[in-house]
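S.K.: Mind having a look at this structure? Questions to follow.
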Amino acid sequence: MARMKFLCDEERCIECNACVTACKNEHEVPWGVNRRRVITLDDGVPGEKSISVACMHCTDAPCQAVCPVDCFYTTEDGVVLHDKDLCIGCGYCFYACPFDAPQYPQKEAFGARGKMDKCTFCAGGPEEDHSEEEFKKYGRNRLAEGKLPLCAEMCSTKALLAGDANVVSDLFRERVLRRSGNEAVGGQVRLRKRRGKPWGWDTAYPE
Amino acid sequence: MSALTETASRLLMTGTLLGLSACYEDPTAVTLHQAHVYKGKVDEHEGHRIWHADQLRLRFQQVQTDR
C-alpha cells in the first residue's frame with residue numbers, strides 16, 4: 001500500500017508562494033490560518049534556499065502521540081488526519097510538531113484557540129466524501145477524486161512533490177544523480193564525464 | 001402541619017443528596033476508551049483504497065513528471 005509523502009526540492013523552490021495560495025484557495029482556509037508556508041534560509045544572500053513546509057504526515061506522528069483526546073488517525077495511504085469533532089483545541093499537537101503544522105483559527109481570551117486545522121494532504125476528513133460538512137471542516141477531498149494535493153500539482157518548478165513515497169524518492173534520486181553529472185537509466189547509474197556542476201545557484205548566477 | 005413540612009423538606013434534602021452523589025447511575029453504562037485509540041467517525045475515504053493507489057500513481061506520472 002502506498003504511503004503518501006511530500007518532498008520539497010530546495011534546489012528548485014523559487015519562493016513563489018503559489019503552493020500557499022493554491023492551498024488557501026482550494027480549501028477556502030480562513031484568514032490567519034496557513035496550512036502551508038514557504039521558509040527561506042539565508043534570505044537575500046547568494047545561495048539562499050527555500051522550502052515549502054506543511055504537515056509532513058509523519059509515519060510515527062508526534063501530534064498523534066500527545067493528543068489527549070486521540071482525535072488523530074492515519075489512513076491506509078499514510079495520511080495523518082484528525083477529527084475536528086473530537087479536537088478540544090488544547091494545543092499539545094502544536095508543541096509536539098517539529099514542522100509547526102497545526103494551526104488555530106482563534107486567539108481569544110483565556111487562550112481559546114478553536115479547533116485545530118492542518119494540511120490534510122487534500123484528503124478531507126472523516127465526514128462523508130465530498131459532503132458540504134467535510135468541505136466546511138477540512139476542505140476539498142482531492143485524493144478521493146484520484147487527484148494529488150493541489151500545492152504539488154501546480155508547482156511550476158516541480159520543486160514540491162507529493163505522492164507515493166517510493167515514486168517520489170525515485171524521481172528525486174534521479175534528479176540528484178543528474179545534478180551530479182551522472183545519469184540514472186532504468187535504475188542503473190550511468191557515469192558521465194563531469195563538466196563542472198550542471199545545476200544550482202553557481203550555474204544560474206556565475207560570478 | 002409543621003411536622004409534615006419538616007418531613008417533606010427532609011425527604012427533599014435526602015433526594016437531592018442522593019441525586020448529587022450520582023449513586024443512581026449504573027456504573028456499567030460508562031464508556032471506557034483505550035488510550036491512543038481513535039474513537040471518532042469512520043473515514044469513508046478508506047473504502048476507495050483499492051482503485052486508489054494505481055490511479056494516484058498514474059496521476060503523479062501525468063502531472064508531476066520531471067523536466
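We name chains A, B, ... following the order of the C-alpha cells; residues begin at 1 in each chain, and ligands are numbered from 1 as shown.
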Per residue of chain B within 6 Å of chain A, which atom pair is closest and at what distance in Å (one decimal), using only C-alpha atoms, listed by chain and increasing number, as JSON lines?
M.R.:
{"residue": "B:His36", "atom": "CA", "partner": "A:Asp70", "partner_atom": "CA", "distance": 5.5}
{"residue": "B:Tyr38", "atom": "CA", "partner": "A:Asp70", "partner_atom": "CA", "distance": 5.2}
{"residue": "B:Lys41", "atom": "CA", "partner": "A:Pro126", "partner_atom": "CA", "distance": 5.7}
{"residue": "B:Val42", "atom": "CA", "partner": "A:Pro126", "partner_atom": "CA", "distance": 5.7}
{"residue": "B:Asp43", "atom": "CA", "partner": "A:Pro126", "partner_atom": "CA", "distance": 4.0}
{"residue": "B:Gln55", "atom": "CA", "partner": "A:Gly146", "partner_atom": "CA", "distance": 5.8}
{"residue": "B:Leu56", "atom": "CA", "partner": "A:Gly146", "partner_atom": "CA", "distance": 5.7}
S.K.: Using atom CA of A:Gly114 and atom CA of A:Gly32 as the two end points, give the distance in Å to one decimal.
M.R.: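 Separating atom CA of A:Gly114 from atom CA of A:Gly32 is a distance of 12.5 Å.
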S.K.: Write out as an NGL selection string the set of residues from chain B that DSSP, computed on the backbone, places in alpha helix (DSSP H).
M.R.: :B and (2-20 or 49-63)
S.K.: Residues of the last selection are to be written out with N, CA and C atoms, as a compact mmCIF listing (two decimals), in the first residue's frame.
M.R.:
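Okay, this is what ended up in part-v4.txt:
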# COMPACT_ATOMS: atom_id res chain seq x y z
N SER B 2 -46.45 21.70 60.77
CA SER B 2 -45.00 21.97 60.72
C SER B 2 -44.20 20.66 60.65
N ALA B 3 -44.74 19.60 61.32
CA ALA B 3 -44.06 18.29 61.27
C ALA B 3 -44.08 17.73 59.86
N LEU B 4 -45.20 17.96 59.17
CA LEU B 4 -45.34 17.49 57.78
C LEU B 4 -44.36 18.23 56.84
N THR B 5 -44.25 19.51 57.07
CA THR B 5 -43.33 20.33 56.27
C THR B 5 -41.88 19.89 56.51
N GLU B 6 -41.62 19.61 57.83
CA GLU B 6 -40.26 19.19 58.19
C GLU B 6 -39.90 17.86 57.51
N THR B 7 -40.87 16.91 57.53
CA THR B 7 -40.65 15.60 56.89
C THR B 7 -40.43 15.76 55.38
N ALA B 8 -41.27 16.61 54.79
CA ALA B 8 -41.15 16.84 53.34
C ALA B 8 -39.80 17.44 52.98
N SER B 9 -39.38 18.39 53.80
CA SER B 9 -38.09 19.04 53.50
C SER B 9 -36.93 18.07 53.69
N ARG B 10 -37.08 17.17 54.71
CA ARG B 10 -36.03 16.17 54.93
C ARG B 10 -35.95 15.21 53.74
N LEU B 11 -37.14 14.80 53.28
CA LEU B 11 -37.21 13.89 52.12
C LEU B 11 -36.57 14.54 50.90
N LEU B 12 -36.92 15.81 50.71
CA LEU B 12 -36.38 16.56 49.58
C LEU B 12 -34.86 16.65 49.65
N MET B 13 -34.39 16.92 50.88
CA MET B 13 -32.95 17.04 51.08
C MET B 13 -32.23 15.70 50.81
N THR B 14 -32.87 14.62 51.32
CA THR B 14 -32.29 13.28 51.10
C THR B 14 -32.23 12.97 49.60
N GLY B 15 -33.35 13.27 48.93
CA GLY B 15 -33.41 13.04 47.47
C GLY B 15 -32.35 13.82 46.74
N THR B 16 -32.18 15.09 47.15
CA THR B 16 -31.18 15.95 46.50
C THR B 16 -29.77 15.40 46.71
N LEU B 17 -29.51 15.00 47.96
CA LEU B 17 -28.17 14.46 48.28
C LEU B 17 -27.88 13.20 47.48
N LEU B 18 -28.90 12.33 47.40
CA LEU B 18 -28.73 11.09 46.62
C LEU B 18 -28.47 11.40 45.14
N GLY B 19 -29.25 12.36 44.66
CA GLY B 19 -29.10 12.77 43.25
C GLY B 19 -27.71 13.31 42.97
N LEU B 20 -27.21 14.13 43.90
CA LEU B 20 -25.89 14.72 43.71
C LEU B 20 -24.76 13.71 43.88
N ARG B 49 -9.60 2.71 -1.35
CA ARG B 49 -8.17 2.46 -1.49
C ARG B 49 -7.80 1.37 -2.50
N ILE B 50 -8.76 0.59 -2.95
CA ILE B 50 -8.44 -0.47 -3.89
C ILE B 50 -8.04 0.12 -5.25
N TRP B 51 -8.83 1.04 -5.78
CA TRP B 51 -8.51 1.65 -7.07
C TRP B 51 -7.53 2.80 -6.91
N HIS B 52 -7.44 3.25 -5.71
CA HIS B 52 -6.77 4.46 -5.35
C HIS B 52 -5.30 4.51 -5.73
N ALA B 53 -4.54 3.52 -5.29
CA ALA B 53 -3.08 3.55 -5.44
C ALA B 53 -2.67 3.67 -6.91
N ASP B 54 -3.28 2.87 -7.79
CA ASP B 54 -2.92 2.90 -9.21
C ASP B 54 -3.29 4.23 -9.84
N GLN B 55 -4.50 4.70 -9.47
CA GLN B 55 -4.97 5.96 -10.04
C GLN B 55 -4.04 7.12 -9.65
N LEU B 56 -3.62 7.13 -8.38
CA LEU B 56 -2.76 8.20 -7.90
C LEU B 56 -1.36 8.12 -8.53
N ARG B 57 -0.89 6.90 -8.75
CA ARG B 57 0.41 6.72 -9.40
C ARG B 57 0.36 7.27 -10.83
N LEU B 58 -0.74 6.96 -11.51
CA LEU B 58 -0.94 7.45 -12.87
C LEU B 58 -1.01 8.98 -12.88
N ARG B 59 -1.70 9.50 -11.90
CA ARG B 59 -1.84 10.96 -11.78
C ARG B 59 -0.46 11.61 -11.58
N PHE B 60 0.35 10.98 -10.75
CA PHE B 60 1.70 11.50 -10.50
C PHE B 60 2.49 11.57 -11.80
N GLN B 61 2.40 10.49 -12.60
CA GLN B 61 3.14 10.46 -13.86
C GLN B 61 2.62 11.52 -14.82
N GLN B 62 1.30 11.79 -14.74
CA GLN B 62 0.71 12.74 -15.69
C GLN B 62 1.05 14.19 -15.34
N VAL B 63 0.93 14.54 -14.06
CA VAL B 63 1.03 15.97 -13.72
C VAL B 63 2.29 16.36 -12.97
S.K.: Write down as a PyMOL selection string the residues of stretch 29-178 of chain A whose backbone DSSP state falls under strand (DSSP E or B).
M.R.: chain A and resi 37-41+49-53+72-74+80-82+103+117+123+141+160-164
S.K.: Residues near A:Ala22, anyone? I mean within 12 Å using only C-alpha atoms, not counting same-chain ones fewer than 6 positions away, as a VMD selection string.
M.R.: chain A and resid 16 28 to 29 34 to 37 122 140 149 to 156
S.K.: Any chance you could export the current selection's N, CA and C atoms as a PDB file, in the first residue's frame?
M.R.:
ATOM      1  N   CYS A  16       7.972  31.230  -4.694  1.00  0.00           N
ATOM      2  CA  CYS A  16       6.907  31.992  -5.361  1.00  0.00           C
ATOM      3  C   CYS A  16       5.634  32.013  -4.519  1.00  0.00           C
ATOM      4  N   GLU A  28     -10.421  27.005   0.876  1.00  0.00           N
ATOM      5  CA  GLU A  28     -11.043  28.188   1.489  1.00  0.00           C
ATOM      6  C   GLU A  28     -10.640  28.286   2.955  1.00  0.00           C
ATOM      7  N   VAL A  29      -9.339  28.245   3.167  1.00  0.00           N
ATOM      8  CA  VAL A  29      -8.779  28.314   4.525  1.00  0.00           C
ATOM      9  C   VAL A  29      -8.999  29.724   5.074  1.00  0.00           C
ATOM     10  N   ASN A  34      -2.547  29.189   8.015  1.00  0.00           N
ATOM     11  CA  ASN A  34      -1.733  28.816   6.857  1.00  0.00           C
ATOM     12  C   ASN A  34      -1.363  27.349   6.970  1.00  0.00           C
ATOM     13  N   ARG A  35      -2.029  26.543   6.192  1.00  0.00           N
ATOM     14  CA  ARG A  35      -1.717  25.110   6.231  1.00  0.00           C
ATOM     15  C   ARG A  35      -0.343  24.849   5.629  1.00  0.00           C
ATOM     16  N   ARG A  36       0.064  25.699   4.723  1.00  0.00           N
ATOM     17  CA  ARG A  36       1.382  25.547   4.074  1.00  0.00           C
ATOM     18  C   ARG A  36       2.063  26.901   4.041  1.00  0.00           C
ATOM     19  N   ARG A  37       3.377  26.898   4.171  1.00  0.00           N
ATOM     20  CA  ARG A  37       4.116  28.157   4.062  1.00  0.00           C
ATOM     21  C   ARG A  37       5.503  27.888   3.498  1.00  0.00           C
ATOM     22  N   CYS A 122      -4.918  17.014   1.076  1.00  0.00           N
ATOM     23  CA  CYS A 122      -6.117  17.104   0.229  1.00  0.00           C
ATOM     24  C   CYS A 122      -6.953  15.819   0.335  1.00  0.00           C
ATOM     25  N   ARG A 140     -11.334  20.546   0.519  1.00  0.00           N
ATOM     26  CA  ARG A 140     -11.616  19.644  -0.599  1.00  0.00           C
ATOM     27  C   ARG A 140     -10.961  18.275  -0.403  1.00  0.00           C
ATOM     28  N   PRO A 149      -2.445  16.316  -4.039  1.00  0.00           N
ATOM     29  CA  PRO A 149      -2.576  17.661  -3.461  1.00  0.00           C
ATOM     30  C   PRO A 149      -2.293  18.771  -4.480  1.00  0.00           C
ATOM     31  N   LEU A 150      -3.103  19.793  -4.444  1.00  0.00           N
ATOM     32  CA  LEU A 150      -3.007  20.852  -5.446  1.00  0.00           C
ATOM     33  C   LEU A 150      -1.689  21.609  -5.360  1.00  0.00           C
ATOM     34  N   CYS A 151      -1.182  21.806  -4.149  1.00  0.00           N
ATOM     35  CA  CYS A 151       0.075  22.554  -3.979  1.00  0.00           C
ATOM     36  C   CYS A 151       1.181  21.942  -4.826  1.00  0.00           C
ATOM     37  N   ALA A 152       1.261  20.612  -4.838  1.00  0.00           N
ATOM     38  CA  ALA A 152       2.304  19.920  -5.589  1.00  0.00           C
ATOM     39  C   ALA A 152       1.961  19.848  -7.076  1.00  0.00           C
ATOM     40  N   GLU A 153       0.674  19.663  -7.370  1.00  0.00           N
ATOM     41  CA  GLU A 153       0.283  19.517  -8.777  1.00  0.00           C
ATOM     42  C   GLU A 153       0.533  20.783  -9.573  1.00  0.00           C
ATOM     43  N   MET A 154       0.387  21.944  -8.927  1.00  0.00           N
ATOM     44  CA  MET A 154       0.548  23.189  -9.688  1.00  0.00           C
ATOM     45  C   MET A 154       1.919  23.851  -9.491  1.00  0.00           C
ATOM     46  N   CYS A 155       2.807  23.205  -8.738  1.00  0.00           N
ATOM     47  CA  CYS A 155       4.135  23.788  -8.509  1.00  0.00           C
ATOM     48  C   CYS A 155       4.850  23.964  -9.848  1.00  0.00           C
ATOM     49  N   SER A 156       5.172  25.198 -10.216  1.00  0.00           N
ATOM     50  CA  SER A 156       5.672  25.480 -11.570  1.00  0.00           C
ATOM     51  C   SER A 156       7.056  24.898 -11.817  1.00  0.00           C
TER      52      SER A 156
END
S.K.: Excluding stretch 90-92 of chain A and its own-chain neighbours fewer than 2 positions away, which residues fall within 8 Å of it when counting only C-alpha atoms? Please give them as a list in words.
M.R.: Cys63, Val66, Cys67, Cys87, Ile88, Phe94, Tyr95, Ala96, Arg113 and Met116 of chain A
S.K.: Please provide the set of residues having any atom within 10 Å of A:Cys119, restricted to only C-alpha atoms, with same-chain residues fewer than 6 positions apart removed, written as a PDB file with C-alpha atoms, in the first residue's frame.
M.R.:
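The resulting file, selection-v4.pdb, is shown below:
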ATOM      1  CA  CYS A  23      -3.894  25.629  -0.774  1.00  0.00           C
ATOM      2  CA  HIS A  27      -9.740  24.687   0.748  1.00  0.00           C
ATOM      3  CA  ASN A  34      -1.733  28.816   6.857  1.00  0.00           C
ATOM      4  CA  ARG A  35      -1.717  25.110   6.231  1.00  0.00           C
ATOM      5  CA  ARG A  36       1.382  25.547   4.074  1.00  0.00           C
ATOM      6  CA  VAL A  53       6.504  23.264   4.560  1.00  0.00           C
ATOM      7  CA  ALA A  54       3.207  21.833   5.751  1.00  0.00           C
ATOM      8  CA  CYS A  55       2.177  18.731   7.687  1.00  0.00           C
ATOM      9  CA  MET A  56       4.667  16.033   6.662  1.00  0.00           C
ATOM     10  CA  HIS A  57       2.241  13.221   7.530  1.00  0.00           C
ATOM     11  CA  VAL A  79      -2.114  10.389   5.578  1.00  0.00           C
ATOM     12  CA  VAL A  80      -2.420  11.767   9.120  1.00  0.00           C
ATOM     13  CA  LEU A  81      -5.874  13.248   9.599  1.00  0.00           C
ATOM     14  CA  ALA A 101       1.897  22.311  11.078  1.00  0.00           C
ATOM     15  CA  PRO A 102      -1.077  22.604  13.474  1.00  0.00           C
ATOM     16  CA  GLN A 103      -2.877  25.934  13.090  1.00  0.00           C
ATOM     17  CA  TYR A 138     -11.422  20.074   6.257  1.00  0.00           C
ATOM     18  CA  GLY A 139     -11.563  21.451   2.720  1.00  0.00           C
ATOM     19  CA  PRO A 149      -2.576  17.661  -3.461  1.00  0.00           C
TER      20      PRO A 149
END
S.K.: Between atom CA of A:Lys107 and atom CA of A:Asn25, what distance in Å does the model show, to one decimal?
M.R.: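 Separation of atom CA of A:Lys107 and atom CA of A:Asn25: 22.5 Å.
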S.K.: Under the rule that only C-alpha atoms are counted, which of A:Pro46, A:Pro30, A:Gly78, A:Gly89 is the nearest residue to A:Lys137?
M.R.: A:Pro30
S.K.: Quick one: of A:Leu177, A:Val20, A:Ala165, A:Cys97, who's nearest to A:Ile39, counting only C-alpha atoms?
M.R.: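 Using only C-alpha atoms, the shortest distance to A:Ile39 belongs to A:Val20.
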